[in-house]
file model33.cif (mmCIF, C-alpha atoms (C1' of nucleotides))
data_input
loop_
_atom_site.label_atom_id
_atom_site.label_comp_id
_atom_site.auth_asym_id
_atom_site.auth_seq_id
_atom_site.Cartn_x
_atom_site.Cartn_y
_atom_site.Cartn_z
CA MET L 1 86.60 104.17 109.66
CA PHE L 2 89.07 105.89 111.92
CA ASP L 3 88.73 103.10 114.46
CA VAL L 4 90.55 100.72 112.13
CA PHE L 5 93.42 103.12 112.03
CA GLU L 6 93.26 103.61 115.76
CA ARG L 7 93.61 99.91 116.38
CA TYR L 8 96.49 99.72 113.95
CA ILE L 9 98.42 102.63 115.34
CA SER L 10 97.85 101.70 118.96
CA ALA L 11 99.40 98.33 118.32
CA LYS L 12 102.42 99.85 116.63
CA ALA L 13 103.18 102.96 118.62
CA ILE L 14 102.52 104.35 122.04
CA LEU L 15 100.42 107.44 121.60
CA THR L 16 98.52 109.66 123.99
CA ASP L 17 94.87 110.41 123.39
CA GLN L 18 95.98 113.87 122.48
CA ASP L 19 98.30 112.55 119.80
CA LEU L 20 95.53 110.48 118.39
CA CYS L 21 93.18 113.41 118.41
CA LEU L 22 95.69 115.52 116.57
CA ILE L 23 96.26 112.84 113.98
CA ARG L 24 92.56 112.47 113.51
CA SER L 25 91.91 116.17 113.27
CA LEU L 26 94.19 116.43 110.26
CA SER L 27 92.92 113.32 108.55
CA VAL L 28 90.21 113.09 105.94
CA GLU L 29 88.08 110.00 105.52
CA ARG L 30 87.44 109.07 101.96
CA LYS L 31 85.75 106.31 100.04
CA VAL L 32 87.34 105.16 96.85
CA ALA L 33 85.22 103.19 94.45
CA LYS L 34 86.63 100.26 92.54
CA ARG L 35 88.47 101.58 89.48
CA GLU L 36 88.57 105.09 90.83
CA PHE L 37 91.93 106.84 90.65
CA VAL L 38 93.40 108.81 93.51
CA LEU L 39 96.62 109.65 91.69
CA ARG L 40 97.36 109.96 88.00
CA GLU L 41 100.56 110.27 86.05
CA GLY L 42 101.64 113.87 85.89
CA GLU L 43 100.02 114.83 89.16
CA ILE L 44 102.05 115.54 92.25
CA ALA L 45 101.54 113.17 95.15
CA ARG L 46 100.48 115.60 97.85
CA TYR L 47 98.81 113.03 100.03
CA ILE L 48 99.59 109.98 102.02
CA PHE L 49 96.94 107.29 102.32
CA PHE L 50 96.19 104.73 104.96
CA ILE L 51 93.86 101.98 103.85
CA THR L 52 91.20 101.00 106.35
CA ARG L 53 89.24 98.84 103.97
CA GLY L 54 89.67 97.40 100.52
CA MET L 55 92.67 97.41 98.28
CA LEU L 56 94.57 99.86 96.10
CA ARG L 57 97.37 99.45 93.66
CA LEU L 58 100.33 101.54 92.56
CA LEU L 59 101.12 101.11 88.90
CA ARG L 60 103.08 102.51 86.02
CA THR L 61 102.66 102.20 82.31
CA ASP L 62 105.22 101.96 79.54
CA ASP L 63 105.07 103.78 76.22
CA LYS L 64 103.03 100.95 74.71
CA GLY L 65 100.41 101.39 77.39
CA ASN L 66 101.16 98.18 79.24
CA GLU L 67 100.51 98.32 82.95
CA TYR L 68 103.02 97.26 85.56
CA ILE L 69 101.86 96.99 89.11
CA LEU L 70 104.47 98.11 91.59
CA ARG L 71 102.48 97.46 94.70
CA PHE L 72 99.26 96.07 96.05
CA ALA L 73 98.18 97.73 99.27
CA THR L 74 95.49 96.34 101.52
CA GLU L 75 93.95 97.21 104.86
CA ASN L 76 96.36 98.51 107.48
CA ASN L 77 98.87 99.69 104.95
CA TRP L 78 100.17 103.07 104.00
CA LEU L 79 100.39 104.10 100.41
CA SER L 80 101.68 106.94 98.31
CA ASP L 81 103.94 107.33 95.35
CA ARG L 82 107.11 107.80 97.33
CA GLU L 83 109.02 109.31 94.47
CA SER L 84 106.60 112.13 93.78
CA TYR L 85 105.78 112.52 97.45
CA ILE L 86 109.42 112.95 98.43
CA THR L 87 110.69 114.93 95.48
CA GLY L 88 107.61 116.97 94.73
CA ASN L 89 107.99 116.11 91.07
CA PRO L 90 105.07 115.03 88.91
CA SER L 91 104.37 111.38 89.38
CA ASN L 92 104.95 108.77 86.74
CA ALA L 93 102.59 106.39 88.46
CA TYR L 94 98.91 105.86 89.05
CA ILE L 95 97.05 104.80 92.13
CA ASP L 96 93.58 103.34 91.91
CA ALA L 97 91.29 101.08 93.85
CA ILE L 98 90.97 97.39 93.02
CA GLU L 99 88.08 96.98 95.42
CA ASP L 100 85.65 99.48 96.85
CA SER L 101 87.83 100.93 99.55
CA GLN L 102 87.99 103.30 102.43
CA VAL L 103 91.06 105.34 103.17
CA LEU L 104 92.32 107.98 105.51
CA VAL L 105 94.13 110.80 103.82
CA TRP L 106 96.62 113.31 105.13
CA ASP L 107 98.02 116.23 103.32
CA LYS L 108 101.80 116.04 103.04
CA GLN L 109 102.32 119.26 104.97
CA ASP L 110 99.98 118.15 107.71
CA PHE L 111 101.60 114.78 107.94
CA HIS L 112 104.98 116.37 108.15
CA PHE L 113 103.69 118.44 111.03
CA LEU L 114 102.44 115.31 112.75
CA LEU L 115 105.81 113.64 112.42
CA LYS L 116 107.43 116.63 114.01
CA GLU L 117 104.96 116.72 116.87
CA ILE L 118 104.69 113.01 117.56
CA PRO L 119 108.04 111.24 117.83
CA ALA L 120 106.41 107.84 118.20
CA LEU L 121 104.75 108.31 114.83
CA LYS L 122 108.02 109.36 113.31
CA GLN L 123 109.67 106.29 114.74
CA LEU L 124 106.99 104.06 113.30
CA MET L 125 107.32 105.57 109.86
CA LYS L 126 111.04 105.08 110.03
CA GLU L 127 110.56 101.41 110.77
CA LEU L 128 108.16 101.08 107.89
CA VAL L 129 110.61 102.72 105.53
CA GLY L 130 113.20 100.22 106.63
CA ARG L 131 110.85 97.38 105.92
CA SER L 132 109.91 98.72 102.55
CA GLN L 133 113.60 98.89 101.70
CA ILE L 134 113.95 95.25 102.56
CA ALA L 135 110.82 94.30 100.65
CA ASN L 136 111.94 96.21 97.59
CA GLN L 137 115.34 94.64 97.62
CA ASN L 138 113.82 91.20 97.87
CA ARG L 139 111.50 92.00 95.05
CA VAL L 140 114.36 93.06 92.83
CA PHE L 141 116.01 89.76 93.54
CA THR L 142 112.91 87.69 92.85
CA THR L 143 112.32 89.64 89.69
CA ILE L 144 115.74 89.13 88.16
CA SER L 145 116.11 85.55 89.30
CA GLY L 146 113.94 82.62 88.36
CA SER L 147 111.38 81.86 85.69
CA ALA L 148 107.85 83.14 85.34
CA GLU L 149 106.61 80.00 87.03
CA GLU L 150 108.85 80.46 90.05
CA LYS L 151 107.80 84.08 90.37
CA TYR L 152 104.17 83.05 90.29
CA PHE L 153 104.54 80.50 93.05
CA ARG L 154 106.66 82.77 95.14
CA PHE L 155 103.95 85.37 94.85
CA ILE L 156 101.26 83.01 96.06
CA GLU L 157 103.44 81.93 98.92
CA LYS L 158 104.34 85.44 99.96
CA TYR L 159 101.02 87.16 99.44
CA PRO L 160 98.31 84.50 99.73
CA ASP L 161 95.74 87.06 100.80
CA THR L 162 96.39 89.37 97.89
CA PHE L 163 96.44 86.40 95.56
CA ASN L 164 92.96 85.45 96.63
CA ARG L 165 91.58 88.90 96.10
CA VAL L 166 92.96 90.17 92.82
CA PRO L 167 92.31 89.05 89.25
CA LEU L 168 95.01 86.95 87.70
CA HIS L 169 95.94 89.43 85.03
CA MET L 170 97.00 91.83 87.77
CA ILE L 171 99.24 89.24 89.29
CA ALA L 172 100.72 88.75 85.85
CA SER L 173 101.28 92.46 85.67
CA TYR L 174 102.92 92.41 89.08
CA ILE L 175 105.37 89.63 88.39
CA GLY L 176 106.07 90.90 84.89
CA VAL L 177 104.60 88.28 82.57
CA SER L 178 101.74 88.37 80.10
CA ARG L 179 98.35 87.18 81.30
CA GLU L 180 98.39 84.38 78.72
CA THR L 181 101.69 83.10 80.00
CA LEU L 182 100.35 83.12 83.52
CA SER L 183 97.28 81.25 82.39
CA ARG L 184 99.42 78.55 80.82
CA ILE L 185 101.65 78.30 83.86
CA ARG L 186 98.57 77.61 85.89
CA ARG L 187 97.30 74.98 83.51
CA HIS L 188 100.60 73.14 83.38
CA SER L 189 100.79 72.95 87.11
CA VAL L 190 97.31 71.98 88.19
CA ASN L 191 98.84 68.84 89.64
CA LYS L 192 101.41 70.59 91.77
CA MET W 193 141.44 108.09 103.02
CA PHE W 194 139.31 109.92 105.52
CA ASP W 195 139.71 113.14 103.55
CA VAL W 196 137.53 111.73 100.76
CA PHE W 197 134.81 111.12 103.28
CA GLU W 198 135.35 114.53 104.80
CA ARG W 199 134.81 116.24 101.47
CA TYR W 200 131.72 114.16 100.84
CA ILE W 201 130.11 114.75 104.18
CA SER W 202 130.94 118.44 104.27
CA ALA W 203 129.14 118.92 101.00
CA LYS W 204 126.07 117.06 102.22
CA ALA W 205 125.68 118.09 105.83
CA ILE W 206 126.74 120.93 108.07
CA LEU W 207 128.99 119.48 110.71
CA THR W 208 131.23 120.97 113.34
CA ASP W 209 134.87 119.97 113.58
CA GLN W 210 133.88 118.16 116.71
CA ASP W 211 131.25 116.13 114.91
CA LEU W 212 133.74 115.20 112.28
CA CYS W 213 136.27 114.22 114.89
CA LEU W 214 133.76 112.03 116.60
CA ILE W 215 132.78 110.36 113.37
CA ARG W 216 136.41 109.78 112.56
CA SER W 217 137.25 108.42 115.98
CA LEU W 218 134.73 105.63 115.54
CA SER W 219 135.64 104.80 111.98
CA VAL W 220 138.09 102.21 110.79
CA GLU W 221 139.98 102.55 107.53
CA ARG W 222 140.22 99.38 105.58
CA LYS W 223 141.53 98.23 102.25
CA VAL W 224 139.59 95.63 100.38
CA ALA W 225 141.35 93.79 97.62
CA LYS W 226 139.59 92.91 94.39
CA ARG W 227 137.55 89.71 94.92
CA GLU W 228 137.82 89.99 98.69
CA PHE W 229 134.57 89.54 100.59
CA VAL W 230 133.49 91.78 103.41
CA LEU W 231 130.19 90.02 103.97
CA ARG W 232 129.14 86.45 103.28
CA GLU W 233 125.81 84.72 103.29
CA GLY W 234 124.94 83.59 106.79
CA GLU W 235 126.91 86.32 108.48
CA ILE W 236 125.23 89.21 110.24
CA ALA W 237 125.84 92.62 108.77
CA ARG W 238 127.30 94.42 111.76
CA TYR W 239 129.01 97.15 109.79
CA ILE W 240 128.22 100.00 107.52
CA PHE W 241 130.70 100.89 104.81
CA PHE W 242 131.53 104.09 103.05
CA ILE W 243 133.56 103.67 99.91
CA THR W 244 136.35 106.16 99.45
CA ARG W 245 137.95 104.39 96.54
CA GLY W 246 137.12 101.54 94.21
CA MET W 247 133.94 99.62 93.85
CA LEU W 248 132.00 96.94 95.72
CA ARG W 249 128.96 94.92 94.90
CA LEU W 250 126.06 93.47 96.82
CA LEU W 251 124.90 90.17 95.42
CA ARG W 252 122.80 87.14 96.09
CA THR W 253 122.85 83.67 94.68
CA ASP W 254 120.03 81.28 93.89
CA ASP W 255 120.01 77.56 94.64
CA LYS W 256 121.72 76.81 91.33
CA GLY W 257 124.59 79.07 92.29
CA ASN W 258 123.80 81.82 89.83
CA GLU W 259 124.80 85.28 90.98
CA TYR W 260 122.48 88.23 90.95
CA ILE W 261 123.93 91.62 91.61
CA LEU W 262 121.65 93.83 93.62
CA ARG W 263 123.86 96.87 93.73
CA PHE W 264 127.09 98.34 92.51
CA ALA W 265 128.57 100.84 94.92
CA THR W 266 131.37 103.20 94.00
CA GLU W 267 133.26 106.05 95.66
CA ASN W 268 131.19 108.31 97.86
CA ASN W 269 128.54 105.73 98.47
CA TRP W 270 127.38 103.92 101.54
CA LEU W 271 126.88 100.22 101.52
CA SER W 272 125.59 97.48 103.73
CA ASP W 273 123.11 94.68 103.46
CA ARG W 274 120.15 96.64 104.74
CA GLU W 275 118.11 93.59 105.55
CA SER W 276 120.62 91.96 107.82
CA TYR W 277 121.81 95.30 109.17
CA ILE W 278 118.31 96.36 110.17
CA THR W 279 116.91 93.05 111.34
CA GLY W 280 120.03 91.54 112.80
CA ASN W 281 119.27 88.30 110.97
CA PRO W 282 121.89 86.35 109.06
CA SER W 283 122.40 87.84 105.65
CA ASN W 284 121.40 86.10 102.45
CA ALA W 285 123.75 88.30 100.47
CA TYR W 286 127.43 88.75 99.80
CA ILE W 287 129.49 91.89 99.51
CA ASP W 288 132.82 91.86 97.75
CA ALA W 289 135.13 94.23 95.96
CA ILE W 290 135.15 94.48 92.18
CA GLU W 291 138.21 96.71 92.23
CA ASP W 292 140.91 97.17 94.81
CA SER W 293 139.08 99.46 97.16
CA GLN W 294 139.33 101.54 100.26
CA VAL W 295 136.48 101.86 102.68
CA LEU W 296 135.62 103.41 105.98
CA VAL W 297 133.85 101.09 108.34
CA TRP W 298 131.65 101.78 111.32
CA ASP W 299 130.28 99.31 113.72
CA LYS W 300 126.50 99.34 113.77
CA GLN W 301 126.37 100.30 117.45
CA ASP W 302 128.85 103.08 116.97
CA PHE W 303 127.05 104.37 113.95
CA HIS W 304 123.81 104.35 115.83
CA PHE W 305 125.47 106.41 118.50
CA LEU W 306 126.68 108.89 115.90
CA LEU W 307 123.20 109.26 114.49
CA LYS W 308 121.91 110.05 117.94
CA GLU W 309 124.64 112.58 118.62
CA ILE W 310 124.72 114.29 115.26
CA PRO W 311 121.29 115.26 113.92
CA ALA W 312 122.73 116.50 110.64
CA LEU W 313 124.12 113.05 109.98
CA LYS W 314 120.79 111.50 110.84
CA GLN W 315 119.07 113.86 108.44
CA LEU W 316 121.49 112.95 105.69
CA MET W 317 120.96 109.25 106.18
CA LYS W 318 117.24 109.80 106.08
CA GLU W 319 117.54 111.54 102.74
CA LEU W 320 119.65 108.73 101.41
CA VAL W 321 117.13 106.15 102.52
CA GLY W 322 114.46 108.10 100.65
CA ARG W 323 116.54 108.09 97.54
CA SER W 324 117.28 104.42 97.76
CA GLN W 325 113.54 103.78 98.01
CA ILE W 326 113.02 105.70 94.83
CA ALA W 327 115.89 103.99 93.09
CA ASN W 328 114.66 100.56 94.11
CA GLN W 329 111.16 101.26 92.94
CA ASN W 330 112.45 102.44 89.61
CA ARG W 331 114.58 99.39 89.34
CA VAL W 332 111.63 97.12 89.93
CA PHE W 333 109.80 98.88 87.15
CA THR W 334 112.69 98.69 84.71
CA THR W 335 113.16 95.07 85.54
CA ILE W 336 109.59 93.93 84.95
CA SER W 337 109.04 96.15 81.93
CA GLY W 338 110.95 96.01 78.70
CA SER W 339 113.22 93.56 76.94
CA ALA W 340 116.77 92.61 77.77
CA GLU W 341 117.96 95.11 75.19
CA GLU W 342 116.03 97.97 76.73
CA LYS W 343 117.33 97.10 80.15
CA TYR W 344 120.87 97.10 78.85
CA PHE W 345 120.58 100.52 77.27
CA ARG W 346 118.82 101.97 80.23
CA PHE W 347 121.63 100.71 82.40
CA ILE W 348 124.27 102.40 80.27
CA GLU W 349 122.30 105.59 80.28
CA LYS W 350 121.72 105.58 83.99
CA TYR W 351 125.08 104.34 85.19
CA PRO W 352 127.63 105.24 82.51
CA ASP W 353 130.45 105.31 85.04
CA THR W 354 129.67 101.89 86.43
CA PHE W 355 129.23 100.57 82.92
CA ASN W 356 132.74 101.62 82.01
CA ARG W 357 134.26 99.99 85.02
CA VAL W 358 132.68 96.58 85.40
CA PRO W 359 132.92 93.46 83.24
CA LEU W 360 129.94 92.81 81.03
CA HIS W 361 128.93 89.59 82.69
CA MET W 362 128.29 91.55 85.85
CA ILE W 363 126.04 93.95 84.04
CA ALA W 364 124.21 90.93 82.69
CA SER W 365 123.89 89.68 86.24
CA TYR W 366 122.56 93.06 87.34
CA ILE W 367 119.90 93.42 84.69
CA GLY W 368 118.93 89.78 84.92
CA VAL W 369 119.99 88.25 81.62
CA SER W 370 122.60 85.67 80.71
CA ARG W 371 126.00 86.90 79.65
CA GLU W 372 125.54 85.31 76.25
CA THR W 373 122.35 87.21 75.65
CA LEU W 374 124.03 90.44 76.62
CA SER W 375 126.86 89.69 74.26
CA ARG W 376 124.43 89.18 71.41
CA ILE W 377 122.50 92.31 72.22
CA ARG W 378 125.73 94.22 71.90
CA ARG W 379 126.58 92.66 68.58
CA HIS W 380 123.18 93.36 67.08
CA SER W 381 123.36 96.97 68.03
CA VAL W 382 126.88 98.03 67.15
CA ASN W 383 125.35 100.57 64.82
CA LYS W 384 123.08 102.18 67.37
"C1'" DC V 385 154.52 82.64 79.01
"C1'" DG V 386 150.72 80.31 81.24
"C1'" DA V 387 146.69 80.70 83.83
"C1'" DT V 388 142.69 82.91 84.65
"C1'" DT V 389 139.05 85.83 83.58
"C1'" DC V 390 136.18 87.71 80.27
"C1'" DT V 391 133.76 87.79 75.89
"C1'" DT V 392 131.97 85.93 71.90
"C1'" DT V 393 129.83 82.50 68.85
"C1'" DG V 394 126.83 78.67 67.05
"C1'" DA V 395 123.13 75.53 67.31
"C1'" DA V 396 119.34 73.66 69.62
"C1'" DA V 397 115.80 73.87 72.88
"C1'" DA V 398 113.02 76.10 76.16
"C1'" DC V 399 110.47 79.90 77.24
"C1'" DA V 400 107.49 83.81 76.78
"C1'" DG V 401 104.94 87.16 73.99
"C1'" DT V 402 101.41 88.34 70.50
"C1'" DC V 403 97.17 88.04 68.10
"C1'" DA V 404 92.73 86.41 67.58
"C1'" DA V 405 89.09 83.83 69.18
"C1'" DT V 406 86.27 81.79 72.59
"C1'" DC V 407 84.43 80.88 77.11
"C1'" DT V 408 82.92 82.22 81.71
"C1'" DG V 409 80.96 84.68 85.19
"C1'" DT V 410 79.11 89.10 86.97
"C1'" DG V 411 76.48 92.91 87.25
"C1'" DT V 412 73.61 96.63 85.38
"C1'" DG V 413 69.93 98.80 82.96
"C1'" DG V 414 65.69 98.19 80.78
"C1'" DC T 415 64.21 89.11 85.95
"C1'" DC T 416 66.30 88.76 81.71
"C1'" DA T 417 69.48 90.20 78.22
"C1'" DC T 418 73.40 92.23 77.14
"C1'" DA T 419 77.69 94.29 77.98
"C1'" DC T 420 81.89 93.81 80.12
"C1'" DA T 421 85.69 92.14 82.75
"C1'" DG T 422 88.32 88.25 83.31
"C1'" DA T 423 90.32 83.78 81.95
"C1'" DT T 424 91.64 80.50 78.71
"C1'" DT T 425 93.22 78.43 74.35
"C1'" DG T 426 95.62 77.66 69.84
"C1'" DA T 427 98.84 78.86 66.47
"C1'" DC T 428 102.57 81.42 65.56
"C1'" DT T 429 106.56 84.33 66.30
"C1'" DG T 430 110.21 86.10 68.64
"C1'" DT T 431 113.29 86.16 72.50
"C1'" DT T 432 116.25 84.16 75.81
"C1'" DT T 433 118.63 80.32 77.84
"C1'" DT T 434 121.64 76.52 77.72
"C1'" DC T 435 125.58 73.99 76.45
"C1'" DA T 436 129.84 73.57 74.40
"C1'" DA T 437 133.58 75.65 72.40
"C1'" DA T 438 136.78 78.92 71.21
"C1'" DG T 439 138.74 83.54 70.92
"C1'" DA T 440 140.52 87.92 73.44
"C1'" DA T 441 142.41 90.19 77.14
"C1'" DT T 442 144.69 90.66 81.48
"C1'" DC T 443 147.74 89.60 85.26
"C1'" DG T 444 151.31 87.61 87.82
#

call {"tool": "encode", "arguments": {"input": "model33.cif", "output": "structure tokens"}}
result
Amino acid sequence: MFDVFERYISAKAILTDQDLCLIRSLSVERKVAKREFVLREGEIARYIFFITRGMLRLLRTDDKGNEYILRFATENNWLSDRESYITGNPSNAYIDAIEDSQVLVWDKQDFHFLLKEIPALKQLMKELVGRSQIANQNRVFTTISGSAEEKYFRFIEKYPDTFNRVPLHMIASYIGVSRETLSRIRRHSVNK
Amino acid sequence: MFDVFERYISAKAILTDQDLCLIRSLSVERKVAKREFVLREGEIARYIFFITRGMLRLLRTDDKGNEYILRFATENNWLSDRESYITGNPSNAYIDAIEDSQVLVWDKQDFHFLLKEIPALKQLMKELVGRSQIANQNRVFTTISGSAEEKYFRFIEKYPDTFNRVPLHMIASYIGVSRETLSRIRRHSVNK
DNA sequence: CGATTCTTTGAAAACAGTCAATCTGTGTGG
DNA sequence: CCACACAGATTGACTGTTTTCAAAGAATCG
């Protein structure tokens, strides 16, 4: 399981064997079954996850109990509820697995220690934060512009892999339309 | 003009007089008239702005020419098109002034130098990036959940100052509804 | 004042959500 | 291995919301 991470990190940052050892020594390998939660609303996000296999989602609910997916995260991606993780406040989000998954987990304190000790890791995380900023900004734009249909096709185009792996009602929940609407969009555009 | 920045930065980071001097020496003071652009689509965002007075907006347009406001930025806020600034690619956004404004401008290279020289500044920027992540994530959620009316009221609640300073059609453009719809929402809820 | 920007309104049409029912495929326990 | 439960997808009918277009009414600024 760690080997997936090792390949990932070696491609993204220049680390010594020692660094890698240190990172590994503070990591915990964990399996997450489909539909299992690793974070619930009200809990504090004390951990950061790296997905070596499978897929997890970050979601919130409104007062009516509707789910809104904020992020799909697949292999070779990091995941946590940034808000709770950064602020230390109780989370207003959930994280659960969409597929049977395998993740590496670091405690926040430990990870913080790693960042301090390993500049290359720090640098990598900084780059990733930058990218997530960009992605979020683009998502805001896509979300406020265009119709449900446009959002659907933009999703397929942007995340073909995710599209092929998740049920349609989750895509609906990601782009912010009802599953019925999504179903009809698909029917009306079989020819496209 | 610089004194506004000085008060801001002194409250947020511990800097020596030397640091401050250095920061100042690389900054340029600039006035931006209402409706004046400081970044256009296709240009590369080579500068980072700090607003000492007035208000600017970051916006994008779709192929039909509709405007979508991604951010309002007022006094004591930093602004740039992160995507273009980080990647160096041509921007797909515009930045212009909503009010006659005053800004401090740093060249990207110079600012990078400052970050290297002044750890406290680097730390501050890091914190701000974290906050913007949180804000963006929350915005995505608010945007995909809830009706136009809810979005409108949440906007007022969250940004009362901005609300009082910008024309309604811009708020419509920020929350992603037509100005007519916003107008009607307001009429139907005069009593609320 | 005249021009421009901003806001509102009405009417029609397009769009999207809700509710209830049905259909499909999958997987699990007996 | 089958039956049944369950998750997922679709459909129809209806309702409600939002957009669009066209027009006109305020407000603001030079």

call {"tool": "atom_distance", "arguments": {"input": "model33.cif", "atom1": "atom CA of Leu360 of chain W", "atom2": "atom CA of Glu267 of chain W"}}
result
20.0 Å

call {"tool": "residues_around", "arguments": {"input": "model33.cif", "residues": "DC403 of chain V", "least_positions_apart": "3", "cutoff": "12 Å", "atoms": "only C-alpha atoms (C1' of nucleotides)", "output": "PyMOL selection string"}}
result
(chain L and resi 180) or (chain T and resi 426-429)

call {"tool": "atom_distance", "arguments": {"input": "model33.cif", "atom1": "atom CA of Arg57 of chain L", "atom2": "atom CA of Met170 of chain L"}}
result
9.6 Å

call {"tool": "residues_around", "arguments": {"input": "model33.cif", "residues": "segment 388-397 of chain V", "least_positions_apart": "6", "cutoff": "9 Å", "atoms": "all atoms listed in the file", "output": "PyMOL selection string"}}
result
(chain W and resi 359-361+371-372+375-376) or (chain T and resi 433-434+437-443)

call {"tool": "residues_around", "arguments": {"input": "model33.cif", "residues": "Asp273 of chain W", "least_positions_apart": "3", "cutoff": "7 Å", "atoms": "all atoms listed in the file", "output": "ChimeraX atom specification"}}
result
/W:237,276-277

call {"tool": "write_last_selection", "arguments": {"input": "model33.cif", "atoms": "C-alpha atoms", "output": "compact mmCIF listing (two decimals), keeping the file's coordinate frame"}}
result
# COMPACT_ATOMS: atom_id res chain seq x y z
CA ALA W 237 125.84 92.62 108.77
CA SER W 276 120.62 91.96 107.82
CA TYR W 277 121.81 95.30 109.17

call {"tool": "resolve_selection", "arguments": {"input": "model33.cif", "expression": "the PyMOL selection byres ((chain W and resi 287) around 9)", "output": "list in words"}}
result
Glu228, Phe229, Val230, Leu231, Arg232, Glu233, Leu248, Arg249, Leu250, Leu251, Arg252, Leu271, Ser272, Asp273, Ala285, Tyr286, Asp288 and Ala289 of chain W

call {"tool": "write_last_selection", "arguments": {"input": "model33.cif", "atoms": "C-alpha atoms", "output": "compact mmCIF listing (two decimals), in the coordinates of the input"}}
result
# COMPACT_ATOMS: atom_id res chain seq x y z
CA GLU W 228 137.82 89.99 98.69
CA PHE W 229 134.57 89.54 100.59
CA VAL W 230 133.49 91.78 103.41
CA LEU W 231 130.19 90.02 103.97
CA ARG W 232 129.14 86.45 103.28
CA GLU W 233 125.81 84.72 103.29
CA LEU W 248 132.00 96.94 95.72
CA ARG W 249 128.96 94.92 94.90
CA LEU W 250 126.06 93.47 96.82
CA LEU W 251 124.90 90.17 95.42
CA ARG W 252 122.80 87.14 96.09
CA LEU W 271 126.88 100.22 101.52
CA SER W 272 125.59 97.48 103.73
CA ASP W 273 123.11 94.68 103.46
CA ALA W 285 123.75 88.30 100.47
CA TYR W 286 127.43 88.75 99.80
CA ASP W 288 132.82 91.86 97.75
CA ALA W 289 135.13 94.23 95.96

call {"tool": "atom_distance", "arguments": {"input": "model33.cif", "atom1": "atom CA of Thr266 of chain W", "atom2": "atom CA of Arg245 of chain W"}}
result
7.2 Å

call {"tool": "interface_residues", "arguments": {"input": "model33.cif", "of": "chain L", "to": "chain V", "cutoff": "12 Å", "atoms": "all atoms listed in the file", "output": "list in words"}}
result
Gly146, Ser147, Ala148, Glu149, Gly176, Val177, Ser178, Arg179, Glu180, Thr181, Leu182, Ser183, Arg184 and Ile185 of chain L

call {"tool": "resolve_selection", "arguments": {"input": "model33.cif", "expression": "the PyMOL selection byres ((chain T) within 12 of (chain L))", "output": "JSON, numbers by chain"}}
result
{"T": [421, 422, 423, 424, 425, 426, 432, 433]}

call {"tool": "write_last_selection", "arguments": {"input": "model33.cif", "atoms": "C-alpha atoms (C1' of nucleotides)", "output": "CSV table (one decimal), keeping the file's coordinate frame"}}
result
chain,number,residue,atom,x,y,z
T,421,DA,C1',85.7,92.1,82.8
T,422,DG,C1',88.3,88.2,83.3
T,423,DA,C1',90.3,83.8,82.0
T,424,DT,C1',91.6,80.5,78.7
T,425,DT,C1',93.2,78.4,74.4
T,426,DG,C1',95.6,77.7,69.8
T,432,DT,C1',116.2,84.2,75.8
T,433,DT,C1',118.6,80.3,77.8

call {"tool": "resolve_selection", "arguments": {"input": "model33.cif", "expression": "the PyMOL selection byres ((chain W) within 6 of (chain L))", "output": "PDB file with C-alpha atoms, keeping the file's coordinate frame"}}
result
ATOM      1  CA  GLU W 275     118.110  93.590 105.550  1.00  0.00           C
ATOM      2  CA  ILE W 326     113.020 105.700  94.830  1.00  0.00           C
ATOM      3  CA  VAL W 332     111.630  97.120  89.930  1.00  0.00           C
ATOM      4  CA  ILE W 336     109.590  93.930  84.950  1.00  0.00           C
ATOM      5  CA  GLY W 368     118.930  89.780  84.920  1.00  0.00           C
TER       6      GLY W 368
END

call {"tool": "residues_around", "arguments": {"input": "model33.cif", "residues": "Asp209 of chain W", "least_positions_apart": "6", "cutoff": "12 Å", "atoms": "only C-alpha atoms (C1' of nucleotides)", "output": "compact mmCIF listing (two decimals) with C-alpha atoms, in the frame of the given file"}}
result
# COMPACT_ATOMS: atom_id res chain seq x y z
CA GLU W 198 135.35 114.53 104.80
CA ILE W 201 130.11 114.75 104.18
CA SER W 202 130.94 118.44 104.27
CA ILE W 215 132.78 110.36 113.37
CA ARG W 216 136.41 109.78 112.56
CA ILE W 310 124.72 114.29 115.26

call {"tool": "decode", "arguments": {"input": "model33.cif", "residues": "segment 389-407 of chain V", "atoms": "C-alpha atoms (C1' of nucleotides)", "output": "mmCIF file, in the first residue's frame"}}
result
data_model
loop_
_atom_site.group_PDB
_atom_site.id
_atom_site.type_symbol
_atom_site.label_atom_id
_atom_site.label_comp_id
_atom_site.auth_asym_id
_atom_site.auth_seq_id
_atom_site.Cartn_x
_atom_site.Cartn_y
_atom_site.Cartn_z
ATOM 1 C "C1'" DT V 389 -26.289 53.338 -15.209
ATOM 2 C "C1'" DC V 390 -29.179 50.894 -12.317
ATOM 3 C "C1'" DT V 391 -33.542 48.877 -10.923
ATOM 4 C "C1'" DT V 392 -37.991 47.331 -11.549
ATOM 5 C "C1'" DT V 393 -41.975 45.266 -13.900
ATOM 6 C "C1'" DG V 394 -44.919 42.218 -16.883
ATOM 7 C "C1'" DA V 395 -45.742 38.323 -19.674
ATOM 8 C "C1'" DA V 396 -44.276 34.243 -21.764
ATOM 9 C "C1'" DA V 397 -41.323 30.453 -22.117
ATOM 10 C "C1'" DA V 398 -37.771 27.532 -20.585
ATOM 11 C "C1'" DC V 399 -35.919 25.124 -16.991
ATOM 12 C "C1'" DA V 400 -35.541 22.440 -12.868
ATOM 13 C "C1'" DG V 401 -37.526 20.347 -8.720
ATOM 14 C "C1'" DT V 402 -40.817 17.212 -6.406
ATOM 15 C "C1'" DC V 403 -43.503 13.185 -5.738
ATOM 16 C "C1'" DA V 404 -44.742 8.728 -6.816
ATOM 17 C "C1'" DA V 405 -44.129 4.804 -9.422
ATOM 18 C "C1'" DT V 406 -41.571 1.582 -12.034
ATOM 19 C "C1'" DC V 407 -37.591 -0.699 -13.922
#
